[in-house]
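Pasted below: start16.pdb, PDB, C-alpha atoms (C1' of nucleotides).
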```pdb
ATOM      1  CA  MET A 173       0.000   0.000   0.000
ATOM      2  CA  PRO A 174       1.245   3.483  -0.846
ATOM      3  CA  ARG A 175       2.759   5.122   2.177
ATOM      4  CA  SER A 176       2.925   8.505   0.514
ATOM      5  CA  THR A 177      -0.774   9.173   0.985
ATOM      6  CA  ARG A 178      -1.955  11.066   4.015
ATOM      7  CA  ARG A 179      -2.000   8.626   6.875
ATOM      8  CA  ARG A 180      -5.266   9.738   8.412
ATOM      9  CA  PRO A 181      -8.217  11.207   6.516
ATOM     10  CA  ALA A 182      -7.745  14.590   8.250
ATOM     11  CA  LEU A 183     -10.301  15.564  10.843
ATOM     12  CA  ALA A 184     -13.424  17.281   9.562
ATOM     13  CA  HIS A 185     -14.401  20.476  11.348
ATOM     14  CA  PRO A 186     -17.197  22.765  10.179
ATOM     15  CA  GLU A 187     -16.332  26.399   9.610
ATOM     16  CA  ALA A 188     -17.382  28.703  12.421
ATOM     17  CA  GLU A 189     -19.972  30.427  10.210
ATOM     18  CA  SER A 190     -21.571  27.177   9.142
ATOM     19  CA  ILE A 191     -22.099  25.660  12.557
ATOM     20  CA  ASP A 192     -25.703  24.550  12.675
ATOM     21  CA  LEU A 193     -27.835  25.242  15.713
ATOM     22  CA  TYR A 194     -29.764  21.999  15.452
ATOM     23  CA  ASP A 195     -26.559  20.005  15.284
ATOM     24  CA  VAL A 196     -25.270  21.790  18.377
ATOM     25  CA  LEU A 197     -28.469  21.287  20.347
ATOM     26  CA  HIS A 198     -28.536  17.653  19.381
ATOM     27  CA  ALA A 199     -24.906  17.220  20.370
ATOM     28  CA  LEU A 200     -25.649  18.757  23.756
ATOM     29  CA  SER A 201     -28.755  16.682  24.403
ATOM     30  CA  ASP A 202     -26.766  13.638  25.465
ATOM     31  CA  PRO A 203     -25.462  13.275  29.042
ATOM     32  CA  THR A 204     -22.185  11.634  28.067
ATOM     33  CA  ARG A 205     -21.394  14.366  25.577
ATOM     34  CA  MET A 206     -22.462  17.055  27.989
ATOM     35  CA  THR A 207     -20.063  15.642  30.552
ATOM     36  CA  ILE A 208     -17.275  15.994  28.037
ATOM     37  CA  VAL A 209     -18.252  19.583  27.312
ATOM     38  CA  ARG A 210     -18.511  20.463  30.981
ATOM     39  CA  ILE A 211     -15.039  19.133  31.702
ATOM     40  CA  LEU A 212     -13.603  20.798  28.643
ATOM     41  CA  ARG A 213     -14.974  24.048  29.941
ATOM     42  CA  THR A 214     -12.507  23.963  32.817
ATOM     43  CA  GLU A 215      -9.439  22.996  30.796
ATOM     44  CA  PRO A 216      -8.075  24.301  27.519
ATOM     45  CA  GLU A 217      -7.380  20.862  26.136
ATOM     46  CA  ARG A 218      -7.560  17.243  27.102
ATOM     47  CA  ALA A 219      -6.771  13.801  25.683
ATOM     48  CA  CYS A 220      -9.725  11.624  24.724
ATOM     49  CA  GLY A 221      -9.010   8.743  27.043
ATOM     50  CA  THR A 222      -8.826  10.867  30.146
ATOM     51  CA  PHE A 223     -12.492  11.679  30.500
ATOM     52  CA  PRO A 224     -14.298  10.077  33.426
ATOM     53  CA  VAL A 225     -17.161   8.590  31.459
ATOM     54  CA  ASP A 226     -17.857   4.902  31.593
ATOM     55  CA  VAL A 227     -18.630   3.842  28.065
ATOM     56  CA  ALA A 228     -16.596   1.655  25.751
ATOM     57  CA  PRO A 229     -13.736   3.343  23.872
ATOM     58  CA  SER A 230     -15.560   2.912  20.595
ATOM     59  CA  THR A 231     -18.626   4.605  22.002
ATOM     60  CA  LEU A 232     -16.550   7.455  23.315
ATOM     61  CA  SER A 233     -14.972   7.836  19.919
ATOM     62  CA  HIS A 234     -18.427   8.102  18.427
ATOM     63  CA  HIS A 235     -19.407  10.872  20.852
ATOM     64  CA  PHE A 236     -16.276  12.847  20.038
ATOM     65  CA  LYS A 237     -17.118  12.587  16.393
ATOM     66  CA  VAL A 238     -20.606  13.942  16.991
ATOM     67  CA  LEU A 239     -19.212  16.832  19.021
ATOM     68  CA  ARG A 240     -16.568  17.615  16.440
ATOM     69  CA  GLU A 241     -18.811  17.433  13.406
ATOM     70  CA  SER A 242     -21.385  19.645  15.086
ATOM     71  CA  GLY A 243     -18.701  22.254  15.737
ATOM     72  CA  VAL A 244     -18.770  22.090  19.528
ATOM     73  CA  ILE A 245     -15.204  20.859  19.905
ATOM     74  CA  SER A 246     -12.039  20.783  17.858
ATOM     75  CA  GLN A 247      -9.556  17.970  17.817
ATOM     76  CA  ARG A 248      -5.888  17.896  16.964
ATOM     77  CA  GLU A 249      -3.649  14.900  16.700
ATOM     78  CA  GLU A 250      -0.379  14.575  18.483
ATOM     79  CA  ALA A 251       1.394  11.308  18.109
ATOM     80  CA  ASN A 252      -0.893   8.633  19.427
ATOM     81  CA  ARG A 253      -3.187  10.960  21.228
ATOM     82  CA  ARG A 254      -6.062  13.075  20.120
ATOM     83  CA  PHE A 255      -6.634  16.251  22.060
ATOM     84  CA  SER A 256     -10.014  17.885  22.257
ATOM     85  CA  ALA A 257     -10.865  21.493  23.019
ATOM     86  CA  LEU A 258     -14.069  23.480  23.207
ATOM     87  CA  ARG A 259     -14.552  25.860  20.299
ATOM     88  CA  THR A 260     -15.513  28.623  22.673
ATOM     89  CA  VAL A 261     -14.545  31.503  20.420
ATOM     90  CA  ASP A 262     -16.281  30.131  17.352
ATOM     91  CA  LEU A 263     -19.386  29.218  19.285
ATOM     92  CA  GLU A 264     -19.496  32.586  20.978
ATOM     93  CA  GLN A 265     -19.200  34.311  17.640
ATOM     94  CA  ARG A 266     -21.862  32.189  16.000
ATOM     95  CA  PHE A 267     -24.320  31.850  18.892
ATOM     96  CA  PRO A 268     -23.466  34.396  21.569
ATOM     97  CA  GLY A 269     -24.102  33.266  25.108
ATOM     98  CA  LEU A 270     -25.387  29.864  24.135
ATOM     99  CA  LEU A 271     -22.662  27.751  25.654
ATOM    100  CA  ASP A 272     -22.580  29.687  28.917
ATOM    101  CA  THR A 273     -26.327  29.573  29.272
ATOM    102  CA  VAL A 274     -26.543  25.865  28.593
ATOM    103  CA  LEU A 275     -23.734  25.083  31.026
ATOM    104  CA  ALA A 276     -25.369  27.246  33.674
ATOM    105  CA  ALA A 277     -28.588  25.348  33.021
ATOM    106  CA  LEU A 278     -26.708  22.096  33.373
ATOM    107  CA  ALA A 279     -25.532  23.086  36.825
ATOM    108  CA  ARG A 280     -29.165  23.593  37.805
ATOM    109  CA  ASN A 281     -30.179  20.310  36.287
ATOM    110  CA  GLY A 282     -27.985  18.439  38.738
ATOM    111  CA  ASP A 283     -24.433  17.781  37.685
ATOM    112  CA  ASP A 284     -24.847  14.057  37.937
ATOM    113  CA  ALA A 285     -27.639  13.525  35.397
TER     114      ALA A 285
ATOM    115  CA  MET B  62     -68.466   1.281  28.949
ATOM    116  CA  PRO B  63     -68.595   3.665  31.868
ATOM    117  CA  ARG B  64     -69.168   7.175  30.746
ATOM    118  CA  SER B  65     -68.534   8.560  34.191
ATOM    119  CA  THR B  66     -64.746   8.295  33.818
ATOM    120  CA  ARG B  67     -62.767  11.264  32.637
ATOM    121  CA  ARG B  68     -63.122  11.444  28.866
ATOM    122  CA  ARG B  69     -59.537  12.366  28.109
ATOM    123  CA  PRO B  70     -56.564  11.093  30.087
ATOM    124  CA  ALA B  71     -55.750  14.628  31.260
ATOM    125  CA  LEU B  72     -52.708  16.237  29.722
ATOM    126  CA  ALA B  73     -49.405  15.432  31.387
ATOM    127  CA  HIS B  74     -47.171  18.388  32.184
ATOM    128  CA  PRO B  75     -43.960  18.137  34.208
ATOM    129  CA  GLU B  76     -43.637  20.387  37.234
ATOM    130  CA  ALA B  77     -41.494  23.450  36.671
ATOM    131  CA  GLU B  78     -38.820  22.194  39.073
ATOM    132  CA  SER B  79     -38.546  18.824  37.391
ATOM    133  CA  ILE B  80     -38.075  20.011  33.834
ATOM    134  CA  ASP B  81     -35.062  18.157  32.477
ATOM    135  CA  LEU B  82     -32.417  19.973  30.485
ATOM    136  CA  TYR B  83     -31.746  17.074  28.165
ATOM    137  CA  ASP B  84     -35.420  16.738  27.381
ATOM    138  CA  VAL B  85     -35.597  20.447  26.591
ATOM    139  CA  LEU B  86     -32.506  20.400  24.387
ATOM    140  CA  HIS B  87     -33.781  17.370  22.561
ATOM    141  CA  ALA B  88     -37.174  18.986  22.062
ATOM    142  CA  LEU B  89     -35.497  22.059  20.608
ATOM    143  CA  SER B  90     -33.186  20.143  18.301
ATOM    144  CA  ASP B  91     -35.909  19.553  15.722
ATOM    145  CA  PRO B  92     -36.726  22.225  13.105
ATOM    146  CA  THR B  93     -40.460  21.581  13.119
ATOM    147  CA  ARG B  94     -40.665  21.884  16.884
ATOM    148  CA  MET B  95     -38.429  24.933  16.873
ATOM    149  CA  THR B  96     -40.777  26.578  14.392
ATOM    150  CA  ILE B  97     -43.615  26.006  16.802
ATOM    151  CA  VAL B  98     -41.610  27.500  19.667
ATOM    152  CA  ARG B  99     -40.571  30.504  17.608
ATOM    153  CA  ILE B 100     -44.140  31.294  16.664
ATOM    154  CA  LEU B 101     -45.366  30.734  20.187
ATOM    155  CA  ARG B 102     -42.831  33.288  21.298
ATOM    156  CA  THR B 103     -44.753  36.027  19.521
ATOM    157  CA  GLU B 104     -48.207  35.018  20.701
ATOM    158  CA  PRO B 105     -49.521  34.052  24.117
ATOM    159  CA  GLU B 106     -51.505  31.133  22.844
ATOM    160  CA  ARG B 107     -52.400  29.379  19.637
ATOM    161  CA  ALA B 108     -54.457  26.447  18.392
ATOM    162  CA  CYS B 109     -52.562  23.420  17.133
ATOM    163  CA  GLY B 110     -53.856  23.390  13.613
ATOM    164  CA  THR B 111     -52.879  26.968  12.900
ATOM    165  CA  PHE B 112     -49.135  26.519  12.717
ATOM    166  CA  PRO B 113     -47.544  26.915   9.285
ATOM    167  CA  VAL B 114     -45.638  23.655   9.281
ATOM    168  CA  ASP B 115     -46.150  21.151   6.536
ATOM    169  CA  VAL B 116     -46.306  17.786   8.194
ATOM    170  CA  ALA B 117     -49.298  15.500   8.583
ATOM    171  CA  PRO B 118     -51.673  16.279  11.463
ATOM    172  CA  SER B 119     -50.674  13.098  13.254
ATOM    173  CA  THR B 120     -47.013  14.065  13.057
ATOM    174  CA  LEU B 121     -47.783  17.518  14.364
ATOM    175  CA  SER B 122     -49.625  15.975  17.255
ATOM    176  CA  HIS B 123     -46.539  13.946  18.049
ATOM    177  CA  HIS B 124     -44.358  17.060  18.113
ATOM    178  CA  PHE B 125     -46.732  18.825  20.463
ATOM    179  CA  LYS B 126     -46.559  15.870  22.778
ATOM    180  CA  VAL B 127     -42.770  15.975  22.823
ATOM    181  CA  LEU B 128     -42.809  19.702  23.544
ATOM    182  CA  ARG B 129     -45.398  19.337  26.279
ATOM    183  CA  GLU B 130     -43.783  16.371  28.022
ATOM    184  CA  SER B 131     -40.414  18.094  27.985
ATOM    185  CA  GLY B 132     -41.952  21.118  29.686
ATOM    186  CA  VAL B 133     -41.417  23.588  26.868
ATOM    187  CA  ILE B 134     -45.080  24.246  26.223
ATOM    188  CA  SER B 135     -48.357  23.838  28.056
ATOM    189  CA  GLN B 136     -51.605  22.828  26.474
ATOM    190  CA  ARG B 137     -55.170  23.418  27.507
ATOM    191  CA  GLU B 138     -58.292  22.065  25.949
ATOM    192  CA  GLU B 139     -61.180  24.188  24.874
ATOM    193  CA  ALA B 140     -63.969  22.410  23.113
ATOM    194  CA  ASN B 141     -62.539  20.773  20.054
ATOM    195  CA  ARG B 142     -59.358  22.759  20.089
ATOM    196  CA  ARG B 143     -56.173  22.409  21.970
ATOM    197  CA  PHE B 144     -54.314  25.601  22.690
ATOM    198  CA  SER B 145     -50.586  25.675  23.222
ATOM    199  CA  ALA B 146     -48.481  28.235  25.042
ATOM    200  CA  LEU B 147     -44.807  28.589  25.846
ATOM    201  CA  ARG B 148     -43.988  27.961  29.495
ATOM    202  CA  THR B 149     -41.830  31.067  29.563
ATOM    203  CA  VAL B 150     -42.100  31.703  33.294
ATOM    204  CA  ASP B 151     -41.361  28.131  34.304
ATOM    205  CA  LEU B 152     -38.494  27.835  31.858
ATOM    206  CA  GLU B 153     -37.015  31.137  32.949
ATOM    207  CA  GLN B 154     -37.199  30.053  36.556
ATOM    208  CA  ARG B 155     -35.653  26.673  35.898
ATOM    209  CA  PHE B 156     -33.069  27.604  33.263
ATOM    210  CA  PRO B 157     -32.630  31.383  33.219
ATOM    211  CA  GLY B 158     -31.914  32.872  29.829
ATOM    212  CA  LEU B 159     -31.993  29.571  28.013
ATOM    213  CA  LEU B 160     -35.027  30.153  25.855
ATOM    214  CA  ASP B 161     -33.997  33.686  24.887
ATOM    215  CA  THR B 162     -30.483  32.615  24.025
ATOM    216  CA  VAL B 163     -31.614  29.687  21.935
ATOM    217  CA  LEU B 164     -34.157  31.770  20.068
ATOM    218  CA  ALA B 165     -31.549  34.446  19.430
ATOM    219  CA  ALA B 166     -29.261  31.716  18.135
ATOM    220  CA  LEU B 167     -32.056  30.482  15.901
ATOM    221  CA  ALA B 168     -32.330  33.890  14.301
ATOM    222  CA  ARG B 169     -28.632  33.684  13.448
ATOM    223  CA  ASN B 170     -29.000  30.177  12.124
ATOM    224  CA  GLY B 171     -31.299  31.391   9.374
ATOM    225  CA  ASP B 172     -34.988  31.394  10.185
ATOM    226  CA  ASP B 173     -35.769  29.048   7.360
ATOM    227  CA  ALA B 174     -33.700  26.040   8.401
TER     228      ALA B 174
ATOM    229  C1'  DA C 202     -79.410  12.687  14.670
ATOM    230  C1'  DC C 203     -76.148  13.725  11.320
ATOM    231  C1'  DT C 204     -72.278  15.841   9.748
ATOM    232  C1'  DC C 205     -68.154  18.554   9.837
ATOM    233  C1'  DA C 206     -63.890  20.179  11.819
ATOM    234  C1'  DA C 207     -59.991  19.554  15.037
ATOM    235  C1'  DT C 208     -57.007  16.513  17.043
ATOM    236  C1'  DT C 209     -55.327  12.182  18.979
ATOM    237  C1'  DT C 210     -54.353   7.324  18.883
ATOM    238  C1'  DC C 211     -52.981   3.357  16.494
ATOM    239  C1'  DG C 212     -50.275   0.536  13.458
ATOM    240  C1'  DG C 213     -46.616   0.674  10.245
ATOM    241  C1'  DT C 214     -42.147   2.098   7.742
ATOM    242  C1'  DG C 215     -37.617   3.657   7.209
ATOM    243  C1'  DT C 216     -33.806   6.247   9.509
ATOM    244  C1'  DT C 217     -30.996   7.552  13.219
ATOM    245  C1'  DT C 218     -29.080   6.728  17.647
ATOM    246  C1'  DG C 219     -26.282   4.835  21.512
ATOM    247  C1'  DT C 220     -24.089   0.943  22.605
ATOM    248  C1'  DC C 221     -20.883  -2.874  22.252
ATOM    249  C1'  DG C 222     -16.962  -6.165  20.779
ATOM    250  C1'  DA C 223     -13.551  -7.262  17.465
ATOM    251  C1'  DA C 224     -10.323  -5.840  14.281
ATOM    252  C1'  DC C 225      -7.265  -2.302  12.551
ATOM    253  C1'  DA C 226      -3.920   1.666  12.567
ATOM    254  C1'  DT C 227      -0.417   4.495  14.669
ATOM    255  C1'  DC C 228       3.128   5.828  17.642
ATOM    256  C1'  DG C 229       6.689   5.418  21.458
ATOM    257  C1'  DC C 230       9.746   2.506  23.551
ATOM    258  C1'  DA C 231      12.462  -1.537  24.901
TER     259       DA C 231
ATOM    260  C1'  DT D 178      11.345  -5.752  15.487
ATOM    261  C1'  DG D 179       8.031  -6.483  18.508
ATOM    262  C1'  DC D 180       4.995  -4.772  22.453
ATOM    263  C1'  DG D 181       1.762  -1.925  24.675
ATOM    264  C1'  DA D 182      -0.969   2.137  24.767
ATOM    265  C1'  DT D 183      -4.223   5.143  22.388
ATOM    266  C1'  DG D 184      -7.826   5.649  19.518
ATOM    267  C1'  DT D 185     -10.594   4.640  15.224
ATOM    268  C1'  DT D 186     -13.380   1.941  12.038
ATOM    269  C1'  DC D 187     -16.461  -1.756  11.200
ATOM    270  C1'  DG D 188     -20.445  -4.500  11.628
ATOM    271  C1'  DA D 189     -24.288  -5.549  14.545
ATOM    272  C1'  DC D 190     -28.212  -4.686  17.535
ATOM    273  C1'  DA D 191     -32.133  -2.815  20.126
ATOM    274  C1'  DA D 192     -34.342   1.392  21.132
ATOM    275  C1'  DA D 193     -35.951   5.711  19.755
ATOM    276  C1'  DC D 194     -37.355   8.809  16.204
ATOM    277  C1'  DA D 195     -39.941  11.298  12.393
ATOM    278  C1'  DC D 196     -43.188  10.422   9.432
ATOM    279  C1'  DC D 197     -47.538   8.834   7.317
ATOM    280  C1'  DG D 198     -52.524   7.153   6.602
ATOM    281  C1'  DA D 199     -56.553   5.317   8.625
ATOM    282  C1'  DA D 200     -59.542   5.021  12.376
ATOM    283  C1'  DA D 201     -61.360   6.899  16.574
ATOM    284  C1'  DT D 202     -62.800  10.837  19.663
ATOM    285  C1'  DT D 203     -64.922  14.997  20.762
ATOM    286  C1'  DG D 204     -67.647  19.050  20.359
ATOM    287  C1'  DA D 205     -70.130  22.500  17.423
ATOM    288  C1'  DG D 206     -73.496  23.525  14.163
ATOM    289  C1'  DT D 207     -77.379  22.384  11.268
TER     290       DT D 207
END
```

As structure tokens, how would this structure be written, given the file I've shared?
Amino acid sequence: MPRSTRRRPALAHPEAESIDLYDVLHALSDPTRMTIVRILRTEPERACGTFPVDVAPSTLSHHFKVLRESGVISQREEANRRFSALRTVDLEQRFPGLLDTVLAALARNGDDA
Amino acid sequence: MPRSTRRRPALAHPEAESIDLYDVLHALSDPTRMTIVRILRTEPERACGTFPVDVAPSTLSHHFKVLRESGVISQREEANRRFSALRTVDLEQRFPGLLDTVLAALARNGDDA
DNA sequence: ACTCAATTTCGGTGTTTGTCGAACATCGCA
DNA sequence: TGCGATGTTCGACAAACACCGAAATTGAGT
């Protein structure tokens, strides 16, 4: 097999201006994904495997894909690891206040659920 | 069959304090339902059949149920009709700013989509 | 009583979702 | 070169979802 081709397909991220509200709301309507977002809120960046969610690795990978393709997070590759970060600036530009409001609402919902 | 029982099962509405964030976000992540919410924002109350969405009546009924059971809208019966209203006060109390922020975001998303 | 209008409920269909395990790819390191 | 760690992709599966048409319900009007 040709080794000259790009190793990985390159991660797909939507442009800031084309982030879709319905995709974002859907991404945030899952507890596992919301947990990821909440944690990412407190840290600039974090490796995928280090999130305290108890689902199978493949499931976690799926959730990261949903978050990334909706525009909520960005991911960069470094060696073996994949680091995720909240797209706070892009989200704030596209939908001002949305992330803060939802995370504040989450705190009221009970952090556990 | 006993006619003395309540004719309709009585509409189920969650208490304001027990409105769940994930249910709300899920309810809002559908364009048809968001259209309903957006219109309801401009009017205190409206009959089900009068919303300009082009889905079958049975589908519309389903969407109203999702919105009602998530706590986003309330419904009251009057004769043949069923009137829906946004639960603005309850939502504001439970998740301050959420509805406004999401609706503002919707305006940026393009009202059509 | 009969009919019409508004809406729900009931079955059904096709799609999407969250989940998993197994297999694969990539990198760092011994 | 081989091993272990990290993470993804690939089916597969059950549950949930959006949608419809047909039938049922309910109340108003004739």

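In terms of minimum interatomic distance to chain B, A:His198 ranks closest within A:His185, A:His198, A:Arg213, A:Arg254, counting only C-alpha atoms.
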
Can you show chain B as a PDB file with C-alpha atoms, in the coordinates of the input once it has been least-squares superposed onto chain A, using every C-alpha atom paired in order?
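The resulting file, result_1.pdb, is shown below:
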```pdb
ATOM      1  CA  MET B  62      -0.438   0.170  -0.964  1.00  0.00           C
ATOM      2  CA  PRO B  63       0.868   3.678  -1.421  1.00  0.00           C
ATOM      3  CA  ARG B  64       2.394   4.992   1.718  1.00  0.00           C
ATOM      4  CA  SER B  65       2.734   8.465   0.301  1.00  0.00           C
ATOM      5  CA  THR B  66      -0.946   9.283   0.894  1.00  0.00           C
ATOM      6  CA  ARG B  67      -1.990  11.044   4.045  1.00  0.00           C
ATOM      7  CA  ARG B  68      -2.124   8.452   6.810  1.00  0.00           C
ATOM      8  CA  ARG B  69      -5.279   9.707   8.466  1.00  0.00           C
ATOM      9  CA  PRO B  70      -8.199  11.220   6.579  1.00  0.00           C
ATOM     10  CA  ALA B  71      -7.642  14.583   8.286  1.00  0.00           C
ATOM     11  CA  LEU B  72     -10.174  15.568  10.899  1.00  0.00           C
ATOM     12  CA  ALA B  73     -13.293  17.277   9.602  1.00  0.00           C
ATOM     13  CA  HIS B  74     -14.304  20.473  11.369  1.00  0.00           C
ATOM     14  CA  PRO B  75     -17.106  22.758  10.186  1.00  0.00           C
ATOM     15  CA  GLU B  76     -16.251  26.401   9.621  1.00  0.00           C
ATOM     16  CA  ALA B  77     -17.332  28.702  12.419  1.00  0.00           C
ATOM     17  CA  GLU B  78     -19.908  30.419  10.202  1.00  0.00           C
ATOM     18  CA  SER B  79     -21.499  27.171   9.118  1.00  0.00           C
ATOM     19  CA  ILE B  80     -22.047  25.649  12.533  1.00  0.00           C
ATOM     20  CA  ASP B  81     -25.658  24.506  12.630  1.00  0.00           C
ATOM     21  CA  LEU B  82     -27.815  25.182  15.655  1.00  0.00           C
ATOM     22  CA  TYR B  83     -29.712  21.931  15.404  1.00  0.00           C
ATOM     23  CA  ASP B  84     -26.497  19.966  15.237  1.00  0.00           C
ATOM     24  CA  VAL B  85     -25.229  21.767  18.329  1.00  0.00           C
ATOM     25  CA  LEU B  86     -28.441  21.238  20.284  1.00  0.00           C
ATOM     26  CA  HIS B  87     -28.493  17.601  19.328  1.00  0.00           C
ATOM     27  CA  ALA B  88     -24.863  17.189  20.340  1.00  0.00           C
ATOM     28  CA  LEU B  89     -25.629  18.731  23.717  1.00  0.00           C
ATOM     29  CA  SER B  90     -28.737  16.664  24.353  1.00  0.00           C
ATOM     30  CA  ASP B  91     -26.743  13.614  25.420  1.00  0.00           C
ATOM     31  CA  PRO B  92     -25.470  13.277  29.014  1.00  0.00           C
ATOM     32  CA  THR B  93     -22.188  11.642  28.059  1.00  0.00           C
ATOM     33  CA  ARG B  94     -21.374  14.359  25.556  1.00  0.00           C
ATOM     34  CA  MET B  95     -22.469  17.061  27.964  1.00  0.00           C
ATOM     35  CA  THR B  96     -20.082  15.649  30.549  1.00  0.00           C
ATOM     36  CA  ILE B  97     -17.280  16.002  28.056  1.00  0.00           C
ATOM     37  CA  VAL B  98     -18.268  19.598  27.311  1.00  0.00           C
ATOM     38  CA  ARG B  99     -18.544  20.470  30.987  1.00  0.00           C
ATOM     39  CA  ILE B 100     -15.081  19.159  31.723  1.00  0.00           C
ATOM     40  CA  LEU B 101     -13.627  20.815  28.662  1.00  0.00           C
ATOM     41  CA  ARG B 102     -15.008  24.066  29.969  1.00  0.00           C
ATOM     42  CA  THR B 103     -12.564  23.987  32.863  1.00  0.00           C
ATOM     43  CA  GLU B 104      -9.500  23.009  30.862  1.00  0.00           C
ATOM     44  CA  PRO B 105      -8.112  24.299  27.586  1.00  0.00           C
ATOM     45  CA  GLU B 106      -7.388  20.882  26.217  1.00  0.00           C
ATOM     46  CA  ARG B 107      -7.571  17.247  27.175  1.00  0.00           C
ATOM     47  CA  ALA B 108      -6.780  13.816  25.768  1.00  0.00           C
ATOM     48  CA  CYS B 109      -9.716  11.614  24.837  1.00  0.00           C
ATOM     49  CA  GLY B 110      -9.006   8.749  27.151  1.00  0.00           C
ATOM     50  CA  THR B 111      -8.849  10.897  30.253  1.00  0.00           C
ATOM     51  CA  PHE B 112     -12.522  11.711  30.578  1.00  0.00           C
ATOM     52  CA  PRO B 113     -14.357  10.132  33.511  1.00  0.00           C
ATOM     53  CA  VAL B 114     -17.205   8.644  31.526  1.00  0.00           C
ATOM     54  CA  ASP B 115     -17.926   4.968  31.690  1.00  0.00           C
ATOM     55  CA  VAL B 116     -18.649   3.877  28.171  1.00  0.00           C
ATOM     56  CA  ALA B 117     -16.545   1.680  25.918  1.00  0.00           C
ATOM     57  CA  PRO B 118     -13.670   3.384  24.082  1.00  0.00           C
ATOM     58  CA  SER B 119     -15.394   2.883  20.750  1.00  0.00           C
ATOM     59  CA  THR B 120     -18.527   4.578  22.048  1.00  0.00           C
ATOM     60  CA  LEU B 121     -16.497   7.459  23.390  1.00  0.00           C
ATOM     61  CA  SER B 122     -14.877   7.842  20.020  1.00  0.00           C
ATOM     62  CA  HIS B 123     -18.314   8.088  18.472  1.00  0.00           C
ATOM     63  CA  HIS B 124     -19.327  10.866  20.863  1.00  0.00           C
ATOM     64  CA  PHE B 125     -16.203  12.844  20.084  1.00  0.00           C
ATOM     65  CA  LYS B 126     -17.008  12.578  16.423  1.00  0.00           C
ATOM     66  CA  VAL B 127     -20.510  13.923  16.972  1.00  0.00           C
ATOM     67  CA  LEU B 128     -19.155  16.819  19.019  1.00  0.00           C
ATOM     68  CA  ARG B 129     -16.473  17.612  16.470  1.00  0.00           C
ATOM     69  CA  GLU B 130     -18.710  17.420  13.403  1.00  0.00           C
ATOM     70  CA  SER B 131     -21.301  19.618  15.068  1.00  0.00           C
ATOM     71  CA  GLY B 132     -18.638  22.240  15.731  1.00  0.00           C
ATOM     72  CA  VAL B 133     -18.724  22.078  19.512  1.00  0.00           C
ATOM     73  CA  ILE B 134     -15.174  20.857  19.932  1.00  0.00           C
ATOM     74  CA  SER B 135     -11.989  20.775  17.904  1.00  0.00           C
ATOM     75  CA  GLN B 136      -9.503  17.966  17.899  1.00  0.00           C
ATOM     76  CA  ARG B 137      -5.834  17.886  17.090  1.00  0.00           C
ATOM     77  CA  GLU B 138      -3.575  14.913  16.849  1.00  0.00           C
ATOM     78  CA  GLU B 139      -0.331  14.599  18.689  1.00  0.00           C
ATOM     79  CA  ALA B 140       1.450  11.320  18.345  1.00  0.00           C
ATOM     80  CA  ASN B 141      -0.848   8.627  19.591  1.00  0.00           C
ATOM     81  CA  ARG B 142      -3.167  10.983  21.361  1.00  0.00           C
ATOM     82  CA  ARG B 143      -5.997  13.097  20.207  1.00  0.00           C
ATOM     83  CA  PHE B 144      -6.592  16.270  22.141  1.00  0.00           C
ATOM     84  CA  SER B 145      -9.978  17.909  22.314  1.00  0.00           C
ATOM     85  CA  ALA B 146     -10.856  21.510  23.062  1.00  0.00           C
ATOM     86  CA  LEU B 147     -14.063  23.500  23.227  1.00  0.00           C
ATOM     87  CA  ARG B 148     -14.526  25.871  20.304  1.00  0.00           C
ATOM     88  CA  THR B 149     -15.519  28.638  22.683  1.00  0.00           C
ATOM     89  CA  VAL B 150     -14.539  31.526  20.425  1.00  0.00           C
ATOM     90  CA  ASP B 151     -16.256  30.150  17.346  1.00  0.00           C
ATOM     91  CA  LEU B 152     -19.374  29.220  19.271  1.00  0.00           C
ATOM     92  CA  GLU B 153     -19.525  32.594  20.966  1.00  0.00           C
ATOM     93  CA  GLN B 154     -19.205  34.311  17.624  1.00  0.00           C
ATOM     94  CA  ARG B 155     -21.847  32.178  15.974  1.00  0.00           C
ATOM     95  CA  PHE B 156     -24.325  31.819  18.840  1.00  0.00           C
ATOM     96  CA  PRO B 157     -23.507  34.381  21.532  1.00  0.00           C
ATOM     97  CA  GLY B 158     -24.161  33.250  25.070  1.00  0.00           C
ATOM     98  CA  LEU B 159     -25.419  29.838  24.081  1.00  0.00           C
ATOM     99  CA  LEU B 160     -22.693  27.734  25.612  1.00  0.00           C
ATOM    100  CA  ASP B 161     -22.636  29.695  28.872  1.00  0.00           C
ATOM    101  CA  THR B 162     -26.391  29.564  29.222  1.00  0.00           C
ATOM    102  CA  VAL B 163     -26.582  25.860  28.544  1.00  0.00           C
ATOM    103  CA  LEU B 164     -23.784  25.089  30.967  1.00  0.00           C
ATOM    104  CA  ALA B 165     -25.436  27.241  33.615  1.00  0.00           C
ATOM    105  CA  ALA B 166     -28.647  25.335  32.966  1.00  0.00           C
ATOM    106  CA  LEU B 167     -26.749  22.081  33.333  1.00  0.00           C
ATOM    107  CA  ALA B 168     -25.602  23.098  36.783  1.00  0.00           C
ATOM    108  CA  ARG B 169     -29.245  23.594  37.746  1.00  0.00           C
ATOM    109  CA  ASN B 170     -30.231  20.292  36.226  1.00  0.00           C
ATOM    110  CA  GLY B 171     -28.068  18.432  38.713  1.00  0.00           C
ATOM    111  CA  ASP B 172     -24.506  17.779  37.641  1.00  0.00           C
ATOM    112  CA  ASP B 173     -24.935  14.061  37.935  1.00  0.00           C
ATOM    113  CA  ALA B 174     -27.708  13.509  35.400  1.00  0.00           C
TER     114      ALA B 174
END
```

* Selection result of the PyMOL selection byres ((chain A) within 9 of (chain D)) on this file, as a list in words ->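 Expected selection for the PyMOL selection byres ((chain A) within 9 of (chain D)) here is Cys220, Gly221, Pro229, Ser230, Ser233, Asn252, Arg253 and Arg254 of chain A.
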
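If you look at CA of Ile211 (chain A) and CA of Leu167 (chain B), they are 25.8 Å away from each other.
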